[in-house]
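Working notes, structure below.
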Amino acid sequence: MKLYVTYGSPYARLARIMVIEKALNERVKIIEAKTRTPGSPYYQINPSGRVPYLIDDSGVGMEDSQIICAYLDGLDGKPRFHNTAHASDWAYLRLEFSARGMCDGIAVWGREMARPANERSPTTLAHETARAERLADFFEHHVSDPPMQGLPAMAHLTLVVAVEMARRRGLGDLTAGRQRLANWMRPLSALPSVQRTFPP
Ligand SMILES: N[C@@H](CCC(=O)N[C@@H](CS)C(=O)NCC(=O)O)C(=O)O
């Protein structure tokens, strides 16, 4: 299989974490894609131009970290990060999707910052910073909820990747002054799969 990524993408990072967690390193070749570049040869592979993108053993391509992570996690018939009980566990799902919403906002912030300084929108940057802070407050109150405890699932990985991206890209340390979130993050940030996929 081939997994197209960029090393700064939080969504591609989730797929890369899954490859490591599920010991698929031998089966999945990770390839860096050239995104956001007019005429990139990657557009011939994935017309949307986004990462992650997985081409499976039969040559079929699939886009989006949610489906790719679920696919990779389920290949051995023993999904660990997509517990079947979670599929109808609304307490869990609500948190997973809030984590994803947080990641989406921080990604928008990162994209804005990647533009030339004179093309950045201060309104967008302020809007996304405020969203990230509000969601960090939300998780400060919810990381001790049962769905955020125990073995890591996609909700945990998504929140870790979002908070680490905010810190790495310069939006700020969302764990500062949020002790429960900081304590909750520590063991997850220390997972070898999370460490090995830390963005450049
Ligand atoms: N919902 C998608 C989001 C993927 C996404 O937005 N990827 C960004 C990188 S963080 C990308 O490939 N951007 C390139 C572009 O928009 O052309 C997922 O979960 O995989």
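Going through the structure tokens in order, the chains are called A, B, and so on, while each chain numbers its residues from 1 and the ligands are numbered from 1 in the order shown.
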Pick out the residues sitting within 6 Å of Cys69 (chain A), and hand them over as a ChimeraX atom specification; count only C-alpha atoms, and ignore anything fewer than 4 positions along from it in its own chain. /A:15,65,73
Cut-off 9 Å: closest chain A/ligand 1 atom pairs per residue, using only C-alpha atoms and all ligand atoms, as a tab-separated table:
```
residue	atom	partner	partner_atom_place_in_ligand_line	distance
A:Val5	CA	ligand 1	12 (O)	7.9
A:Thr6	CA	ligand 1	9 (C)	7.1
A:Gly8	CA	ligand 1	10 (S)	7.1
A:Ser9	CA	ligand 1	10 (S)	4.0
A:Pro10	CA	ligand 1	10 (S)	5.7
A:Tyr11	CA	ligand 1	20 (O)	4.9
A:Ala12	CA	ligand 1	20 (O)	6.7
A:Leu14	CA	ligand 1	19 (O)	8.7
A:Ala15	CA	ligand 1	20 (O)	8.7
A:Ala33	CA	ligand 1	12 (O)	8.9
A:Lys34	CA	ligand 1	14 (C)	8.7
A:Thr35	CA	ligand 1	14 (C)	5.1
A:Arg36	CA	ligand 1	17 (O)	4.6
A:Thr37	CA	ligand 1	17 (O)	7.9
A:Ser48	CA	ligand 1	17 (O)	7.0
A:Gly49	CA	ligand 1	17 (O)	4.9
A:Arg50	CA	ligand 1	12 (O)	3.1
A:Val51	CA	ligand 1	12 (O)	3.9
A:Pro52	CA	ligand 1	20 (O)	5.4
A:Tyr53	CA	ligand 1	20 (O)	7.8
A:Glu63	CA	ligand 1	20 (O)	6.4
A:Asp64	CA	ligand 1	20 (O)	3.3
A:Ser65	CA	ligand 1	20 (O)	3.8
A:Gln66	CA	ligand 1	19 (O)	5.7
A:Ile67	CA	ligand 1	19 (O)	8.3
A:Ile68	CA	ligand 1	20 (O)	8.1
A:Arg100	CA	ligand 1	19 (O)	8.3
A:Asp104	CA	ligand 1	3 (C)	7.7
A:Ala107	CA	ligand 1	10 (S)	6.0
A:Val108	CA	ligand 1	10 (S)	8.5
A:Gly110	CA	ligand 1	10 (S)	8.6
A:Arg111	CA	ligand 1	10 (S)	8.0
```
Which residues of region 140-163 of chain A sit at most 12 Å from region 16-32 of chain A, using only C-alpha atoms? Give each one's shortest atom pair and distance in Å (one decimal place), in chain and ascending residue order, as a Markdown table.
```
| residue | atom | partner | partner_atom | distance |
| --- | --- | --- | --- | --- |
| A:Pro152 | CA | A:Glu21 | CA | 10.9 |
| A:Ala153 | CA | A:Met18 | CA | 10.6 |
| A:Met154 | CA | A:Met18 | CA | 9.7 |
| A:Leu157 | CA | A:Ile17 | CA | 8.6 |
| A:Thr158 | CA | A:Ile17 | CA | 10.6 |
| A:Val160 | CA | A:Ile17 | CA | 11.5 |
| A:Val161 | CA | A:Ile17 | CA | 10.1 |
```
Identify all residues of region 12-171 of chain A in helix (DSSP H, G or I) (DSSP on the backbone) and supply them as a ChimeraX atom specification. /A:12-21,42-45,65-74,84-88,90-114,117-119,122-142,146-148,154-169
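Looking only at region 30-119 of chain A, the set that DSSP places in strand (DSSP E) from backbone geometry is Ile30, Ile31, Glu32, Tyr53, Leu54, Ile55, Gly61, Met62 and Glu63 of chain A.
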I need the residues from that last selection saved to file as a PDB file, in the first residue's frame (with C-alpha atoms), if you can.
```pdb
ATOM      1  CA  ILE A  30       4.920   6.437   3.097  1.00  0.00           C
ATOM      2  CA  ILE A  31       5.392   8.969   0.318  1.00  0.00           C
ATOM      3  CA  GLU A  32       5.661  12.735   0.688  1.00  0.00           C
ATOM      4  CA  TYR A  53      -4.392   9.522   0.731  1.00  0.00           C
ATOM      5  CA  LEU A  54      -4.067   5.749   0.832  1.00  0.00           C
ATOM      6  CA  ILE A  55      -3.765   3.429  -2.143  1.00  0.00           C
ATOM      7  CA  GLY A  61      -7.326   5.069  -3.497  1.00  0.00           C
ATOM      8  CA  MET A  62      -9.113   6.560  -0.506  1.00  0.00           C
ATOM      9  CA  GLU A  63      -9.049  10.015   0.983  1.00  0.00           C
TER      10      GLU A  63
END
```
Can you pull out the residues contacting Val163 (chain A)? Cut-off 10 Å, using only C-alpha atoms, and skip same-chain residues under 2 positions away; I want them as a PyMOL selection string. chain A and resi 99+102-103+106+132+136+158-161+165-168+171-175+181-182+185
Residues from the last selection, C-alpha atoms, saved as a short mmCIF file (atom, residue, chain, number, x, y, z; two decimals), in the first residue's frame:
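Once everything was written out, this is out_31.cif:
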```
data_model
loop_
_atom_site.label_atom_id
_atom_site.label_comp_id
_atom_site.auth_asym_id
_atom_site.auth_seq_id
_atom_site.Cartn_x
_atom_site.Cartn_y
_atom_site.Cartn_z
CA ALA A 99 -11.39 17.10 19.05
CA MET A 102 -10.43 21.71 17.28
CA CYS A 103 -7.94 20.15 14.86
CA ILE A 106 -5.96 24.90 14.22
CA ALA A 132 -8.85 26.85 19.95
CA ALA A 136 -9.06 23.80 25.14
CA THR A 158 -6.96 13.60 17.49
CA LEU A 159 -6.81 15.82 20.57
CA VAL A 160 -3.10 15.14 21.09
CA VAL A 161 -2.29 15.91 17.46
CA MET A 165 0.15 21.24 16.26
CA ALA A 166 -0.96 24.45 18.02
CA ARG A 167 2.20 24.42 20.09
CA ARG A 168 4.51 23.49 17.23
CA LEU A 171 -0.58 29.34 18.02
CA GLY A 172 0.37 28.69 21.63
CA ASP A 173 0.56 26.11 24.39
CA LEU A 174 -3.08 25.23 24.95
CA THR A 175 -2.14 23.21 28.05
CA LEU A 181 -5.31 18.76 29.99
CA ALA A 182 -1.53 18.96 30.53
CA MET A 185 -1.53 14.82 27.39
#
```
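The space between CA of Ser40 (chain A) and CA of Gly105 (chain A) spans 25.7 Å.
Non-sequential neighbours of Met113 (chain A) (distance at most 10 Å, separation of 3 or more positions within a chain, only C-alpha atoms) are Ala107, Val108, Trp109, Gly110, Pro116, Ala117, Glu119, Arg120, Ser121, Pro122, Leu125, Arg169, Gly170 and Leu171 of chain A.
In this comparison, which uses only C-alpha atoms, the residue of A:Leu72, A:Trp90, A:Thr129, A:Pro200 approaching Asp56 (chain A) most closely is A:Leu72.
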